[in-house]
Amino acid sequence: MRTMRYTRRFLLAPLSLAALHAALAGATDIEPTVMDEVVVTATKTEETRRAIVNSVVLKDAYDIEEAPATSLGALLANEPGIDWRTRGNYGGAAEEIHLRGMGGDGTLVVMDGVVLNSPSLGSADVSQIPLNSIERVEVVKGPGSLLYGSGAMGGTVNVIGKQPKREGFVARAEAGYGTEHTSHLAAENGGFVLGDFGYYLTLNRRETDGFRDNSDLTHNDATVKLLLDKGKQFQGSLDAGIVDREFGLPGPQPPSGIIPFLPFYNGDSAMLLDRGEDENSHAALTFKGQGTEWWDWRVKGDWANLDATTVSRYSGAGSDTDVTNTVKGLEGNLDLHAFSRRVGLLVGSEYRNFDYDHEQQALDAAGRPVAGSRQAESHRVFTNGTFAELSLKPVDLVKLVGGYRYETHSLFGHEDVARYGLVLTPLADTAIKFNRGQHFKAPTMNDLFWPDDLFTKGNLDLKPETGWHTDVTLEQGGLLGGKLFVSASWFQWDIDDKISWAEDPNQPSPIWGNYWTPANVDTYQADGWELSARIGPLYGVQADFALTLLDAEEQMHHGAVRPARYTPDTQIKAQLSHVSDFGLTSAVTARYTSSRPGYYESDTDGNAAIELDSYWTVDVKLQQVLATHWTVTLLAANLLDEDYDTYLAGFSDQATGAYTQQPYPGAGRSLFVSLAYAW
């Protein structure tokens, strides 16, 4: 049955490519091939796309500027193998990147050398990354744990910030306003001063009332890069950023026709008093250089402080929870390459220290602290990973890769990680890649140390999640006179000892029922196909197409094997962009997400009780240069005002006592206009 579903859906791809081929067959002008694009993330060194074993998605400054997107998640949404997740339409909703059906905690997000994944949750909230600070994004799919350690099971998203250019200074200011009283102020400035020393600074402020009651957001951020560039021999950089935001947490949308229970909920939002606040900061100091023609070195120290506060209010009680994670890291790499780079060896070691502080205060019905109810805990863990990866190129058409990582953890001991791969380049614009490796994810700090509140608690006996990830990729460029690039990948992965929070019948709670606690009890597996194509530019027009077919299955402890919750089996993205002779840039993006299981009534049910419907969204961006320095931009998101849901959560009706699963609705249509001045 799975194969039949794939066969029917995969017919979409060649039909679409055939139509585009016919339309573009008359093209004669030549464009540079994308096979020689440089990728850093896959090997922690500069390698061309054709030479790495991974399947990748690359977004450069032009892609970012033209895309109808206001966040990193929207930019990457529905690219091959990428699922952008957000809990509905409130301003402070966290945005996660899921690669190939794995959870957000299986995708490692790195910005300028700093891991942004929360040690508490395991996932990274990419909504906090300002889009105007990004120079380039590299999404490297497949097993990434050998080079990056815990959490890189599905792959790595490497965000590379803007840096100064020697060509001259950059200065830009922008202001915009849109629906839901959304406003945005932004500024950036950078360049080289004092010879080889340069800087780049970005500032942002965003505000919105949101689509629903208690869905507002106030967001401020700043990033800075200081660069000392002496060429290949030596380069030093300091990258730092801060984020401060306050937002409402409206929860799911209650069922229609309910009687409002004020001040706690109404017909629009399940939570009218819940609030959240994030105060995050990070910095990375990096030195790198070239010793001789056959070896390079790199040393990095990084620091991050993530402080999240949540106030929850419900009938008769509440809580005020503050969780602070402080992460310190130190890494050194040595890249050896000899015999005209036919032999390469990358060796490195990484140390990371995690400090976790959790403070919780009970609140009464009026939101006041309950005397004697404060709980505070502090914990520390550390990890050390040492890795080596060898590459051999016995002949020009063949490259072999193999590596090993030894990871130690202060709580659960050590983990062995291996990876091997093969790249065949029979033609100048053809690459055939095979990649197989182990992956793992350590338990999060919440999994380990969540304090005992007489109903939930962490588990110090957890093991890391482990598994294998395999993919085969074909990349072909140089078609249609260099105008067409296509990529196709098949992948398969599995996870054993998956950590799941559930009610433990062997641990009775002193207040009611049994404790909810995490355990290594579940399994998870998936296989699928990815297809992408880029055609153009032709007469100022470029077309991009992406298709993902996925079959992801979960099995809860002693439960049924069934389709994984919230995971679509089909995703499509099509984008058409155009640059006119009179300074108008336009782009339209259409994205499709298929239906997916939302809720199973029990672990033994194979059929979902609630399924989230499929949906299309269409986004449009128009940007017009008015004069030498002025640019006006119009962005329309979800132009067709499609109704769709993203997640489900439980809701208790205080009037009837009914408990139901209710949806987080997706964002409706929004319009935003901005004016920018650059000099």
# chains A, B, ... in the order shown; residues from 1 in each chain; ligands from 1

call {"tool": "closest_atom_pairs", "arguments": {"of": "segment 288-330 of chain A", "to": "segment 243-248 of chain A", "cutoff": "10 Å", "atoms": "only C-alpha atoms", "output": "CSV"}}
result
residue,atom,partner,partner_atom,distance
A:Leu306,CA,A:Val243,CA,9.5
A:Asp307,CA,A:Asp244,CA,9.7
A:Ala308,CA,A:Arg245,CA,9.9
A:Thr309,CA,A:Glu246,CA,9.4
A:Thr310,CA,A:Gly248,CA,9.8
A:Val311,CA,A:Gly248,CA,9.7

call {"tool": "residues_around", "arguments": {"residues": "Thr324 of chain A", "least_positions_apart": "4", "cutoff": "12 Å", "atoms": "only C-alpha atoms", "output": "ChimeraX atom specification"}}
result
/A:118-121,277-281,304-310,354-360,376-380,445-446

call {"tool": "residues_around", "arguments": {"residues": "Arg313 of chain A", "least_positions_apart": "5", "cutoff": "10 Å", "atoms": "only C-alpha atoms", "output": "mmCIF file with C-alpha atoms, in the first residue's frame"}}
result
data_model
loop_
_atom_site.group_PDB
_atom_site.id
_atom_site.type_symbol
_atom_site.label_atom_id
_atom_site.label_comp_id
_atom_site.auth_asym_id
_atom_site.auth_seq_id
_atom_site.Cartn_x
_atom_site.Cartn_y
_atom_site.Cartn_z
ATOM 1 C CA PRO A 263 -11.295 35.929 32.891
ATOM 2 C CA PHE A 264 -9.797 32.552 31.930
ATOM 3 C CA MET A 271 -6.113 30.899 27.777
ATOM 4 C CA LEU A 272 -6.590 34.640 28.270
ATOM 5 C CA LEU A 273 -4.187 35.103 31.195
ATOM 6 C CA ASP A 274 -1.206 32.930 30.192
ATOM 7 C CA ARG A 275 1.943 34.850 29.253
ATOM 8 C CA GLY A 318 -1.755 28.632 38.437
ATOM 9 C CA SER A 319 2.024 28.638 38.245
ATOM 10 C CA ASP A 320 4.924 30.920 37.428
ATOM 11 C CA ALA A 362 2.409 28.209 42.638
ATOM 12 C CA LEU A 363 -0.256 30.904 42.187
ATOM 13 C CA ASP A 364 -3.687 31.198 43.741
ATOM 14 C CA ALA A 365 -6.920 31.935 41.877
ATOM 15 C CA ALA A 366 -6.087 35.662 41.824
ATOM 16 C CA GLY A 367 -2.592 35.063 40.417
#

call {"tool": "residues_around", "arguments": {"residues": "segment 543-547 of chain A", "least_positions_apart": "6", "cutoff": "6 Å", "atoms": "only C-alpha atoms", "output": "PyMOL selection string"}}
result
chain A and resi 79-80+530-535+571-576

call {"tool": "select_by_dssp", "arguments": {"residues": "segment 404-599 of chain A", "states": "helix (DSSP H, G or I)", "output": "PyMOL selection string"}}
result
chain A and resi 445-449

call {"tool": "residues_around", "arguments": {"residues": "Thr585 of chain A", "least_positions_apart": "5", "cutoff": "7 Å", "atoms": "only C-alpha atoms", "output": "PDB file with C-alpha atoms, in the first residue's frame"}}
result
ATOM      1  CA  HIS A 578      10.633  37.580 -11.751  1.00  0.00           C
ATOM      2  CA  VAL A 579      12.938  40.585 -11.998  1.00  0.00           C
ATOM      3  CA  SER A 580      11.770  43.329 -14.372  1.00  0.00           C
ATOM      4  CA  LEU A 622       6.252  42.635  -4.632  1.00  0.00           C
ATOM      5  CA  GLN A 623       9.288  44.883  -4.245  1.00  0.00           C
ATOM      6  CA  GLN A 624       9.763  48.085  -6.227  1.00  0.00           C
TER       7      GLN A 624
END

call {"tool": "atom_distance", "arguments": {"atom1": "atom CA of Tyr265 of chain A", "atom2": "atom CA of Ala658 of chain A"}}
result
14.6 Å

call {"tool": "residues_around", "arguments": {"residues": "segment 175-179 of chain A", "least_positions_apart": "6", "cutoff": "9 Å", "atoms": "only C-alpha atoms", "output": "PDB file with N, CA and C atoms, in the first residue's frame"}}
result
ATOM      1  N   LEU A 185      10.331  47.709  12.796  1.00  0.00           N
ATOM      2  CA  LEU A 185      11.403  48.675  12.580  1.00  0.00           C
ATOM      3  C   LEU A 185      12.710  47.895  12.517  1.00  0.00           C
ATOM      4  N   ALA A 186      13.545  48.187  11.527  1.00  0.00           N
ATOM      5  CA  ALA A 186      14.792  47.445  11.351  1.00  0.00           C
ATOM      6  C   ALA A 186      15.885  48.381  10.871  1.00  0.00           C
ATOM      7  N   ALA A 187      17.112  48.070  11.250  1.00  0.00           N
ATOM      8  CA  ALA A 187      18.274  48.827  10.795  1.00  0.00           C
ATOM      9  C   ALA A 187      19.468  47.893  10.742  1.00  0.00           C
ATOM     10  N   THR A 208       2.887  43.049  17.353  1.00  0.00           N
ATOM     11  CA  THR A 208       1.633  42.668  16.723  1.00  0.00           C
ATOM     12  C   THR A 208       0.592  42.381  17.791  1.00  0.00           C
ATOM     13  N   GLY A 210      -1.781  40.206  16.986  1.00  0.00           N
ATOM     14  CA  GLY A 210      -2.118  38.819  16.709  1.00  0.00           C
ATOM     15  C   GLY A 210      -3.539  38.653  16.212  1.00  0.00           C
ATOM     16  N   THR A 633       7.999  47.584  -0.331  1.00  0.00           N
ATOM     17  CA  THR A 633       7.719  46.150  -0.395  1.00  0.00           C
ATOM     18  C   THR A 633       6.303  45.867   0.090  1.00  0.00           C
ATOM     19  N   ARG A 669      -5.082  35.384   6.497  1.00  0.00           N
ATOM     20  CA  ARG A 669      -4.459  36.304   5.553  1.00  0.00           C
ATOM     21  C   ARG A 669      -3.879  37.510   6.287  1.00  0.00           C
ATOM     22  N   SER A 670      -2.683  37.929   5.864  1.00  0.00           N
ATOM     23  CA  SER A 670      -2.079  39.130   6.417  1.00  0.00           C
ATOM     24  C   SER A 670      -1.416  39.920   5.301  1.00  0.00           C
ATOM     25  N   LEU A 671      -1.439  41.228   5.429  1.00  0.00           N
ATOM     26  CA  LEU A 671      -0.799  42.132   4.480  1.00  0.00           C
ATOM     27  C   LEU A 671       0.176  43.016   5.236  1.00  0.00           C
ATOM     28  N   PHE A 672       1.320  43.268   4.619  1.00  0.00           N
ATOM     29  CA  PHE A 672       2.336  44.079   5.271  1.00  0.00           C
ATOM     30  C   PHE A 672       3.046  44.920   4.217  1.00  0.00           C
ATOM     31  N   VAL A 673       3.175  46.215   4.504  1.00  0.00           N
ATOM     32  CA  VAL A 673       3.834  47.144   3.591  1.00  0.00           C
ATOM     33  C   VAL A 673       4.995  47.793   4.331  1.00  0.00           C
ATOM     34  N   SER A 674       6.147  47.869   3.673  1.00  0.00           N
ATOM     35  CA  SER A 674       7.314  48.479   4.306  1.00  0.00           C
ATOM     36  C   SER A 674       8.034  49.390   3.319  1.00  0.00           C
ATOM     37  N   LEU A 675       8.758  50.339   3.875  1.00  0.00           N
ATOM     38  CA  LEU A 675       9.552  51.282   3.103  1.00  0.00           C
ATOM     39  C   LEU A 675      10.964  51.277   3.651  1.00  0.00           C
ATOM     40  N   ALA A 676      11.940  51.091   2.759  1.00  0.00           N
ATOM     41  CA  ALA A 676      13.339  50.991   3.183  1.00  0.00           C
ATOM     42  C   ALA A 676      14.176  52.042   2.463  1.00  0.00           C
TER      43      ALA A 676
END

call {"tool": "atom_distance", "arguments": {"atom1": "atom CA of Val620 of chain A", "atom2": "atom CA of Ser586 of chain A"}}
result
7.5 Å

call {"tool": "residues_around", "arguments": {"residues": "Ile82 of chain A", "least_positions_apart": "4", "cutoff": "7 Å", "atoms": "only C-alpha atoms", "output": "compact mmCIF listing (two decimals) with N, CA and C atoms, in the first residue's frame"}}
result
# COMPACT_ATOMS: atom_id res chain seq x y z
N LEU A 76 12.12 28.35 4.68
CA LEU A 76 12.47 26.96 4.41
C LEU A 76 11.27 26.04 4.28
N ALA A 77 10.08 26.54 4.59
CA ALA A 77 8.89 25.69 4.64
C ALA A 77 8.68 24.94 3.33
N ASN A 78 8.49 23.63 3.43
CA ASN A 78 8.16 22.73 2.33
C ASN A 78 9.25 22.60 1.29
N ILE A 97 11.89 23.52 12.92
CA ILE A 97 12.21 22.87 11.65
C ILE A 97 12.31 21.38 11.90
N HIS A 98 11.48 20.60 11.19
CA HIS A 98 11.52 19.15 11.27
C HIS A 98 12.09 18.62 9.95
N LEU A 99 13.15 17.83 10.03
CA LEU A 99 13.77 17.27 8.84
C LEU A 99 13.38 15.82 8.66
N ARG A 100 12.82 15.53 7.49
CA ARG A 100 12.49 14.16 7.09
C ARG A 100 11.61 13.44 8.09

call {"tool": "closest_residue", "arguments": {"among": "A:Trp84, A:Phe339, A:Tyr420, A:Trp294", "to": "Gly104 of chain A", "atoms": "only C-alpha atoms"}}
result
A:Trp84

call {"tool": "closest_residue", "arguments": {"among": "A:Tyr615, A:Phe412, A:Tyr515, A:Tyr90", "to": "Asp213 of chain A", "atoms": "only C-alpha atoms"}}
result
A:Tyr90

call {"tool": "closest_residue", "arguments": {"among": "A:Ala171, A:Ile242, A:Val299, A:Leu635", "to": "Leu285 of chain A", "atoms": "only C-alpha atoms"}}
result
A:Val299

call {"tool": "select_by_dssp", "arguments": {"residues": "segment 47-271 of chain A", "states": "strand (DSSP E or B)", "output": "number ranges by chain"}}
result
A: 47-48, 55-59, 82-86, 95-99, 107-111, 114-115, 134-141, 155-161, 170-178, 182-193, 197-208, 217-229, 235-248, 261, 265

call {"tool": "closest_residue", "arguments": {"among": "A:Gly477, A:Gly458, A:Gly92, A:Gly101", "to": "Ile432 of chain A", "atoms": "only C-alpha atoms"}}
result
A:Gly477
